[in-house]
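Below is model_6.tsv, which holds TSV, C-alpha atoms.
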```
chain	number	residue	atom	x	y	z
A	1	MET	CA	-14.25	0.49	-1.58
A	2	LEU	CA	-13.50	-2.31	0.87
A	3	GLN	CA	-14.98	-1.92	4.34
A	4	GLN	CA	-13.52	-3.69	7.37
A	5	VAL	CA	-15.83	-6.01	9.32
A	6	ALA	CA	-13.39	-7.43	11.88
A	7	GLN	CA	-9.69	-8.10	12.18
A	8	ASP	CA	-8.55	-9.67	8.89
A	9	ILE	CA	-12.04	-9.52	7.32
A	10	TRP	CA	-13.35	-6.95	4.83
A	11	HIS	CA	-16.34	-6.78	2.51
A	12	LEU	CA	-17.23	-5.09	-0.75
A	13	PRO	CA	-20.90	-4.50	-1.67
A	14	TYR	CA	-21.80	-4.52	-5.34
A	15	HIS	CA	-25.09	-3.55	-6.99
A	16	PHE	CA	-26.48	-4.74	-10.31
A	17	THR	CA	-29.86	-5.34	-11.95
A	18	THR	CA	-31.25	-8.65	-13.19
A	19	SER	CA	-34.77	-9.36	-14.44
A	20	GLY	CA	-35.75	-5.84	-13.43
A	21	VAL	CA	-34.73	-6.28	-9.78
A	22	ARG	CA	-31.90	-4.25	-8.27
A	23	LEU	CA	-29.65	-6.66	-6.36
A	24	SER	CA	-27.04	-6.06	-3.71
A	25	THR	CA	-24.40	-8.73	-3.40
A	26	ARG	CA	-21.16	-8.86	-1.44
A	27	MET	CA	-17.60	-10.09	-1.78
A	28	THR	CA	-16.02	-11.06	1.52
A	29	VAL	CA	-12.25	-10.88	1.89
A	30	VAL	CA	-10.34	-12.84	4.54
A	31	ARG	CA	-6.64	-12.35	5.18
A	32	LEU	CA	-4.98	-15.64	6.02
A	33	ARG	CA	-1.49	-16.32	7.31
A	34	GLN	CA	1.43	-15.00	5.32
A	35	ASN	CA	-0.85	-12.16	4.12
A	36	ARG	CA	-2.65	-14.42	1.65
A	37	LEU	CA	-6.08	-13.09	0.72
A	38	TRP	CA	-9.13	-15.31	0.24
A	39	LEU	CA	-11.93	-13.77	-1.86
A	40	HIS	CA	-15.43	-15.18	-1.37
A	41	SER	CA	-18.17	-14.60	-3.98
A	42	PRO	CA	-16.14	-12.34	-6.29
A	43	VAL	CA	-17.48	-9.13	-7.78
A	44	PRO	CA	-15.92	-6.82	-10.38
A	45	VAL	CA	-12.80	-5.18	-8.99
A	46	SER	CA	-12.14	-1.52	-9.78
A	47	PRO	CA	-8.54	-0.22	-10.02
A	48	GLN	CA	-9.05	1.44	-6.63
A	49	VAL	CA	-10.24	-1.78	-4.98
A	50	ARG	CA	-7.47	-3.73	-6.64
A	51	ALA	CA	-4.96	-1.31	-5.10
A	52	GLN	CA	-6.61	-1.78	-1.71
A	53	LEU	CA	-6.34	-5.55	-1.99
A	54	VAL	CA	-2.71	-5.41	-3.07
A	55	ALA	CA	-1.98	-3.24	-0.03
A	56	LEU	CA	-3.60	-5.83	2.25
A	57	GLY	CA	-1.71	-8.82	0.88
A	58	GLU	CA	-1.49	-11.30	-1.96
A	59	VAL	CA	-4.76	-12.43	-3.54
A	60	ALA	CA	-4.13	-16.16	-3.40
A	61	PHE	CA	-7.63	-17.70	-3.57
A	62	ILE	CA	-10.87	-16.80	-5.35
A	63	VAL	CA	-13.95	-18.81	-4.35
A	64	ALA	CA	-17.29	-19.14	-6.16
A	65	PRO	CA	-19.18	-20.70	-3.21
A	66	ASN	CA	-22.31	-21.90	-4.99
A	67	LYS	CA	-23.73	-22.45	-8.47
A	68	ALA	CA	-25.24	-18.96	-8.66
A	69	HIS	CA	-22.33	-16.79	-7.55
A	70	HIS	CA	-19.98	-17.23	-10.47
A	71	LEU	CA	-20.85	-14.31	-12.79
A	72	PHE	CA	-17.77	-12.27	-11.94
A	73	VAL	CA	-15.24	-15.05	-11.38
A	74	GLY	CA	-13.63	-14.41	-14.77
A	75	ASP	CA	-13.26	-10.68	-14.13
A	76	CYS	CA	-11.72	-11.27	-10.72
A	77	ALA	CA	-9.40	-14.01	-11.97
A	78	ALA	CA	-8.22	-11.72	-14.78
A	79	ALA	CA	-7.39	-9.04	-12.20
A	80	PHE	CA	-5.38	-11.58	-10.16
A	81	PRO	CA	-4.04	-14.16	-12.64
A	82	ASP	CA	-1.82	-15.89	-10.06
A	83	ALA	CA	-4.73	-16.71	-7.73
A	84	LEU	CA	-6.16	-20.23	-7.48
A	85	VAL	CA	-9.86	-20.33	-8.36
A	86	PHE	CA	-12.14	-22.73	-6.46
A	87	VAL	CA	-15.76	-23.23	-7.51
A	88	ALA	CA	-18.87	-25.07	-6.33
A	89	PRO	CA	-19.56	-28.58	-7.67
A	90	GLY	CA	-21.12	-28.28	-11.10
A	91	LEU	CA	-19.47	-25.02	-12.09
A	92	VAL	CA	-16.46	-26.55	-13.82
A	93	GLU	CA	-18.82	-27.87	-16.49
A	94	LYS	CA	-21.05	-24.81	-16.48
A	95	ARG	CA	-18.15	-22.37	-16.90
A	96	GLY	CA	-16.27	-24.10	-19.69
A	97	ASP	CA	-15.09	-20.67	-20.79
A	98	LEU	CA	-12.77	-20.47	-17.78
A	99	GLN	CA	-9.56	-22.44	-17.40
A	100	GLY	CA	-7.89	-23.84	-14.30
A	101	LEU	CA	-10.97	-24.06	-12.07
A	102	ARG	CA	-10.70	-26.30	-9.03
A	103	GLU	CA	-13.85	-27.91	-7.66
A	104	LEU	CA	-14.59	-27.57	-3.96
A	105	SER	CA	-15.22	-30.79	-2.06
A	106	GLU	CA	-16.46	-31.74	1.39
A	107	THR	CA	-12.84	-31.80	2.59
A	108	PRO	CA	-11.37	-28.42	3.57
A	109	GLU	CA	-8.50	-27.34	1.40
A	110	PRO	CA	-5.12	-27.63	3.19
A	111	GLN	CA	-4.29	-24.06	2.19
A	112	TRP	CA	-6.86	-22.68	4.66
A	113	GLN	CA	-8.15	-25.57	6.79
A	114	GLU	CA	-6.55	-24.28	10.02
A	115	GLU	CA	-8.10	-20.82	9.69
A	116	LEU	CA	-11.35	-21.43	7.84
A	117	GLY	CA	-13.95	-24.05	8.57
A	118	GLN	CA	-15.50	-25.39	5.36
A	119	LEU	CA	-18.83	-27.23	5.15
A	120	PHE	CA	-20.64	-28.39	2.03
A	121	VAL	CA	-24.44	-28.14	2.35
A	122	PRO	CA	-26.05	-31.11	0.58
A	123	GLY	CA	-29.71	-31.51	-0.19
A	124	ILE	CA	-30.05	-28.47	-2.45
A	125	PRO	CA	-28.36	-29.59	-5.71
A	126	ALA	CA	-29.51	-26.54	-7.66
A	127	VAL	CA	-27.36	-24.43	-5.29
A	128	ASN	CA	-24.53	-26.69	-4.05
A	129	GLU	CA	-23.44	-24.11	-1.51
A	130	THR	CA	-20.39	-24.36	0.72
A	131	VAL	CA	-20.44	-22.34	3.93
A	132	TRP	CA	-17.43	-21.03	5.82
A	133	PHE	CA	-16.36	-20.14	9.34
A	134	HIS	CA	-13.48	-17.83	10.20
A	135	HIS	CA	-12.35	-19.18	13.54
A	136	ALA	CA	-10.39	-16.17	14.76
A	137	SER	CA	-13.32	-13.74	14.42
A	138	ARG	CA	-16.14	-16.30	14.97
A	139	THR	CA	-17.63	-15.25	11.63
A	140	LEU	CA	-19.92	-17.49	9.59
A	141	ILE	CA	-19.94	-16.64	5.87
A	142	LEU	CA	-23.01	-17.63	3.85
A	143	THR	CA	-24.02	-16.90	0.28
A	144	ASP	CA	-27.66	-17.64	-0.64
A	145	LEU	CA	-28.60	-20.14	2.06
A	146	CYS	CA	-29.76	-17.30	4.33
A	147	GLN	CA	-30.52	-13.72	3.32
A	148	TRP	CA	-31.74	-10.45	4.85
A	149	TRP	CA	-32.37	-7.55	2.47
A	150	GLN	CA	-31.93	-4.69	4.93
A	151	GLY	CA	-31.94	-0.95	4.50
A	152	SER	CA	-33.17	1.44	1.87
A	153	ILE	CA	-33.63	-0.45	-1.39
A	154	PRO	CA	-35.76	0.22	-4.51
A	155	LEU	CA	-39.45	-0.70	-4.52
A	156	SER	CA	-38.96	-3.68	-6.85
A	157	SER	CA	-36.25	-5.02	-4.54
A	158	ARG	CA	-38.44	-4.52	-1.46
A	159	LEU	CA	-41.31	-6.39	-3.08
A	160	PHE	CA	-39.05	-9.25	-4.18
A	161	ALA	CA	-37.48	-9.53	-0.73
A	162	THR	CA	-40.86	-9.46	0.99
A	163	LEU	CA	-42.27	-12.17	-1.26
A	164	ASN	CA	-39.12	-14.23	-0.65
A	165	GLY	CA	-39.44	-13.83	3.14
A	166	VAL	CA	-36.13	-12.04	3.63
A	167	ARG	CA	-37.02	-8.38	3.97
A	168	SER	CA	-37.58	-8.06	7.73
A	169	ARG	CA	-35.20	-10.64	9.22
A	170	LEU	CA	-32.58	-13.29	8.53
A	171	ALA	CA	-34.30	-16.22	6.82
A	172	VAL	CA	-33.89	-19.02	4.32
A	173	PRO	CA	-35.47	-17.57	1.15
A	174	TYR	CA	-38.67	-19.23	-0.04
A	175	MET	CA	-36.97	-19.82	-3.40
A	176	ILE	CA	-34.23	-21.81	-1.69
A	177	ARG	CA	-36.76	-23.78	0.38
A	178	LEU	CA	-38.50	-24.89	-2.81
A	179	MET	CA	-35.21	-26.26	-4.11
A	180	VAL	CA	-34.58	-28.60	-1.15
A	181	LYS	CA	-34.45	-32.21	-2.37
A	182	ASP	CA	-33.03	-33.98	0.69
A	183	ARG	CA	-34.20	-32.38	3.95
A	184	PRO	CA	-32.48	-34.89	6.30
A	185	ALA	CA	-29.12	-34.27	4.59
A	186	LEU	CA	-29.67	-30.53	4.85
A	187	GLY	CA	-30.54	-30.91	8.53
A	188	ARG	CA	-27.36	-32.85	9.26
A	189	SER	CA	-25.21	-30.16	7.67
A	190	ILE	CA	-26.99	-27.40	9.61
A	191	HIS	CA	-26.45	-29.35	12.85
A	192	ARG	CA	-22.73	-29.50	12.03
A	193	MET	CA	-22.73	-25.79	11.30
A	194	PHE	CA	-23.89	-25.05	14.84
A	195	GLU	CA	-20.87	-26.88	16.23
A	196	TRP	CA	-18.95	-23.72	15.34
A	197	ASP	CA	-18.87	-20.92	17.93
A	198	ILE	CA	-20.76	-18.45	15.76
A	199	GLY	CA	-20.67	-14.82	16.83
A	200	ARG	CA	-21.32	-13.03	13.53
A	201	VAL	CA	-23.04	-13.92	10.26
A	202	ILE	CA	-22.17	-12.38	6.88
A	203	VAL	CA	-24.55	-13.10	4.01
A	204	ALA	CA	-24.17	-12.05	0.40
A	205	HIS	CA	-27.66	-10.48	0.29
A	206	ASN	CA	-27.19	-8.17	2.15
A	207	ALA	CA	-26.93	-8.14	5.95
A	208	ILE	CA	-24.07	-8.52	8.40
A	209	VAL	CA	-25.62	-9.80	11.64
A	210	GLU	CA	-23.58	-8.72	14.65
A	211	THR	CA	-26.19	-9.01	17.45
A	212	ASP	CA	-27.58	-12.37	18.57
A	213	ALA	CA	-26.31	-13.86	15.32
A	214	ARG	CA	-26.49	-17.45	16.49
A	215	GLU	CA	-30.10	-17.09	17.63
A	216	ALA	CA	-31.08	-15.34	14.41
A	217	LEU	CA	-29.57	-18.26	12.52
A	218	ARG	CA	-31.46	-20.79	14.65
A	219	ARG	CA	-34.77	-19.06	13.94
A	220	ALA	CA	-34.01	-18.95	10.22
A	221	PHE	CA	-33.29	-22.67	9.95
A	222	ALA	CA	-36.10	-23.73	12.33
A	223	GLU	CA	-38.62	-22.82	9.64
A	224	VAL	CA	-36.99	-25.18	7.14
A	225	LEU	CA	-36.25	-28.29	9.20
```
As structure tokens, what does this structure read like?
Amino acid sequence: MLQQVAQDIWHLPYHFTTSGVRLSTRMTVVRLRQNRLWLHSPVPVSPQVRAQLVALGEVAFIVAPNKAHHLFVGDCAAAFPDALVFVAPGLVEKRGDLQGLRELSETPEPQWQEELGQLFVPGIPAVNETVWFHHASRTLILTDLCQWWQGSIPLSSRLFATLNGVRSRLAVPYMIRLMVKDRPALGRSIHRMFEWDIGRVIVAHNAIVETDAREALRRAFAEVL
């Protein structure tokens, strides 16, 4: 079920297995003005969760924020057929099975630009991630760019997270670091990210950083730039 993080922000963890590794991912839900809901990194929605969302407002936007987090877009869009679906650059071609996809750009969409900061992170074309900032709650929302696999997780997951450098703290995964093609461009986008007044960081895998979030983020990116 949905769990509240802050005023007008909820999250929904979801677990699945791929290549023998048990993964925990997260959908983040932001309630915008006029009770419009914005769903980040969609996961399958049970009837109970769907009822929760309907009680919170109208699901207006579904966002696949990078080229990896698209597996459940179709399921979520089917549950909310009136929602607009926005996807990372490259996914329109990759997901030819889905209709009506809108590609995210470097320009914030007018539907949420006053409430959500939107920043495309160049330099990692295999990922093409867009990061987000909810101004009212000072919450930065990331997908794969930074990770921290906290808590009690299976042995295979612990080993994978340790090898990827994301078991004990917030960090840019080694796998992501290997994908960087333009480090100066990445650095410029990270510098812009820190112009936001960040007080909390939500990542898809799997932490929510509430304490010293800005400093944890600085340490994570310092190892990459």
Please write out, as lines of an AutoDock Vina configuration file, where the centre of an axis-aligned box around all listed atoms of segment 133-145 of chain A lies and how long its edges are, in Å to one decimal, after adding 8 Å on each side.
```
center_x = -19.5
center_y = -16.9
center_z = 7.2
size_x = 34.2
size_y = 22.4
size_z = 31.6
```
Got a sec: who's within 12 Å of Thr211 of chain A, counting only C-alpha atoms, leaving out chain neighbours fewer than 3 positions off, as a compact mmCIF listing (two decimals) with C-alpha atoms, in the frame of the given file?
```
# COMPACT_ATOMS: atom_id res chain seq x y z
CA LEU A 170 -32.58 -13.29 8.53
CA ILE A 198 -20.76 -18.45 15.76
CA GLY A 199 -20.67 -14.82 16.83
CA ARG A 200 -21.32 -13.03 13.53
CA VAL A 201 -23.04 -13.92 10.26
CA ILE A 202 -22.17 -12.38 6.88
CA ALA A 207 -26.93 -8.14 5.95
CA ILE A 208 -24.07 -8.52 8.40
CA ARG A 214 -26.49 -17.45 16.49
CA GLU A 215 -30.10 -17.09 17.63
CA ALA A 216 -31.08 -15.34 14.41
CA LEU A 217 -29.57 -18.26 12.52
```
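For the pair atom CA of Ser137 of chain A and atom CA of Ala220 of chain A, the interatomic distance is 21.7 Å.
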Give me the residues of segment 94-149 of chain A that have any atom at most 12 Å from an atom of segment 57-64 of chain A; for each, the nearest atom pair and the distance in Å, rounded to one decimal. Use only C-alpha atoms, sort by chain and number, and format it as CSV.
```
residue,atom,partner,partner_atom,distance
A:Arg95,CA,A:Ala64,CA,11.2
A:Gly100,CA,A:Ile62,CA,11.8
A:Leu101,CA,A:Val63,CA,9.8
A:Arg102,CA,A:Val63,CA,9.4
A:Glu103,CA,A:Ala64,CA,9.5
A:Leu104,CA,A:Val63,CA,8.8
A:Glu109,CA,A:Phe61,CA,10.9
A:Gln111,CA,A:Phe61,CA,9.2
A:Trp112,CA,A:Phe61,CA,9.7
A:Gln118,CA,A:Val63,CA,11.8
A:Val127,CA,A:Ala64,CA,11.4
A:Asn128,CA,A:Ala64,CA,10.7
A:Glu129,CA,A:Ala64,CA,9.2
A:Thr130,CA,A:Ala64,CA,9.2
A:Val131,CA,A:Ala64,CA,11.0
A:Trp132,CA,A:Val63,CA,11.0
A:Leu142,CA,A:Ala64,CA,11.6
A:Thr143,CA,A:Ala64,CA,9.6
A:Asp144,CA,A:Ala64,CA,11.8
```
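Using all atoms listed in the file for every distance, the candidate list A:Leu163, A:Gln150, A:Pro122, A:Asp197 yields A:Pro122 as the residue closest to Pro184 of chain A.
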Quiz prompt | All residues 8 Å or closer to Val21 of chain A, all atoms listed in the file, same chain fewer than 5 positions away omitted, as an MDAnalysis selection string | solution = chainID A and resid 156:157 160
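Considering the residues A:Val30, A:Leu84, A:Leu159, A:Val224 and counting all atoms listed in the file, Ile176 of chain A has its shortest atom-to-atom contact with A:Val224.
Atom CA of Ala55 of chain A is positioned 13.7 Å from atom CA of Gln4 of chain A.
Interatomic distance, atom CA of Asp75 of chain A to atom CA of Val45 of chain A: 7.5 Å.
Within 10 Å of His69 of chain A, once all atoms listed in the file are used and residues closer than 2 positions along the same chain are dropped, the contacting residues are Thr25, His40, Ser41, Pro42, Val43, Val63, Ala64, Pro65, Asn66, Lys67, Leu71, Phe72, Val73, Val87, Ala88, Leu91, Val127, Glu129, Thr143, Asp144 and Ala204 of chain A.
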Any chance you can output those residues with C-alpha atoms as a PDB file, in the frame of the given file?
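The resulting file, out_30.pdb, is shown below:
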```pdb
ATOM      1  CA  THR A  25     -24.400  -8.730  -3.400  1.00  0.00           C
ATOM      2  CA  HIS A  40     -15.430 -15.180  -1.370  1.00  0.00           C
ATOM      3  CA  SER A  41     -18.170 -14.600  -3.980  1.00  0.00           C
ATOM      4  CA  PRO A  42     -16.140 -12.340  -6.290  1.00  0.00           C
ATOM      5  CA  VAL A  43     -17.480  -9.130  -7.780  1.00  0.00           C
ATOM      6  CA  VAL A  63     -13.950 -18.810  -4.350  1.00  0.00           C
ATOM      7  CA  ALA A  64     -17.290 -19.140  -6.160  1.00  0.00           C
ATOM      8  CA  PRO A  65     -19.180 -20.700  -3.210  1.00  0.00           C
ATOM      9  CA  ASN A  66     -22.310 -21.900  -4.990  1.00  0.00           C
ATOM     10  CA  LYS A  67     -23.730 -22.450  -8.470  1.00  0.00           C
ATOM     11  CA  LEU A  71     -20.850 -14.310 -12.790  1.00  0.00           C
ATOM     12  CA  PHE A  72     -17.770 -12.270 -11.940  1.00  0.00           C
ATOM     13  CA  VAL A  73     -15.240 -15.050 -11.380  1.00  0.00           C
ATOM     14  CA  VAL A  87     -15.760 -23.230  -7.510  1.00  0.00           C
ATOM     15  CA  ALA A  88     -18.870 -25.070  -6.330  1.00  0.00           C
ATOM     16  CA  LEU A  91     -19.470 -25.020 -12.090  1.00  0.00           C
ATOM     17  CA  VAL A 127     -27.360 -24.430  -5.290  1.00  0.00           C
ATOM     18  CA  GLU A 129     -23.440 -24.110  -1.510  1.00  0.00           C
ATOM     19  CA  THR A 143     -24.020 -16.900   0.280  1.00  0.00           C
ATOM     20  CA  ASP A 144     -27.660 -17.640  -0.640  1.00  0.00           C
ATOM     21  CA  ALA A 204     -24.170 -12.050   0.400  1.00  0.00           C
TER      22      ALA A 204
END
```
Practice problem: Write out as a list of chain:residue names each polymer residue whose atoms come within 7 Å of His205 of chain A, counting only C-alpha atoms; drop sequence neighbours fewer than 6 positions from it. | Solution: A:Ser24, A:Thr25, A:Arg26, A:Gln147, A:Trp148, A:Trp149
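Comparing the minimum interatomic distances between Gln113 of chain A and each of A:Ala51, A:Leu32, A:Ala126, A:Ala6, counting all atoms listed in the file, we find that A:Leu32 sits nearest.
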Quiz item: Contacts of Asp182 of chain A at 12 Å or less, counting only C-alpha atoms, minus same-chain residues fewer than 5 places along, as number ranges by chain?
Solution: A: 121-126, 177, 187-189, 224-225
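Among the candidate residues A:Arg192, A:Lys181, A:His70, A:Arg167, the one lying nearest to Asn206 of chain A is A:Arg167, with distances computed using only C-alpha atoms.
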Quiz item: Taking only C-alpha atoms into account, which of A:Arg22, A:His191, A:His135, A:His11 comes nearest Ser152 of chain A?
Solution: A:Arg22
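With only C-alpha atoms as the atoms that count, the minimum distance from Arg169 of chain A to the choices A:Phe194, A:Lys94, A:Ile9, A:Arg219 is reached by A:Arg219.
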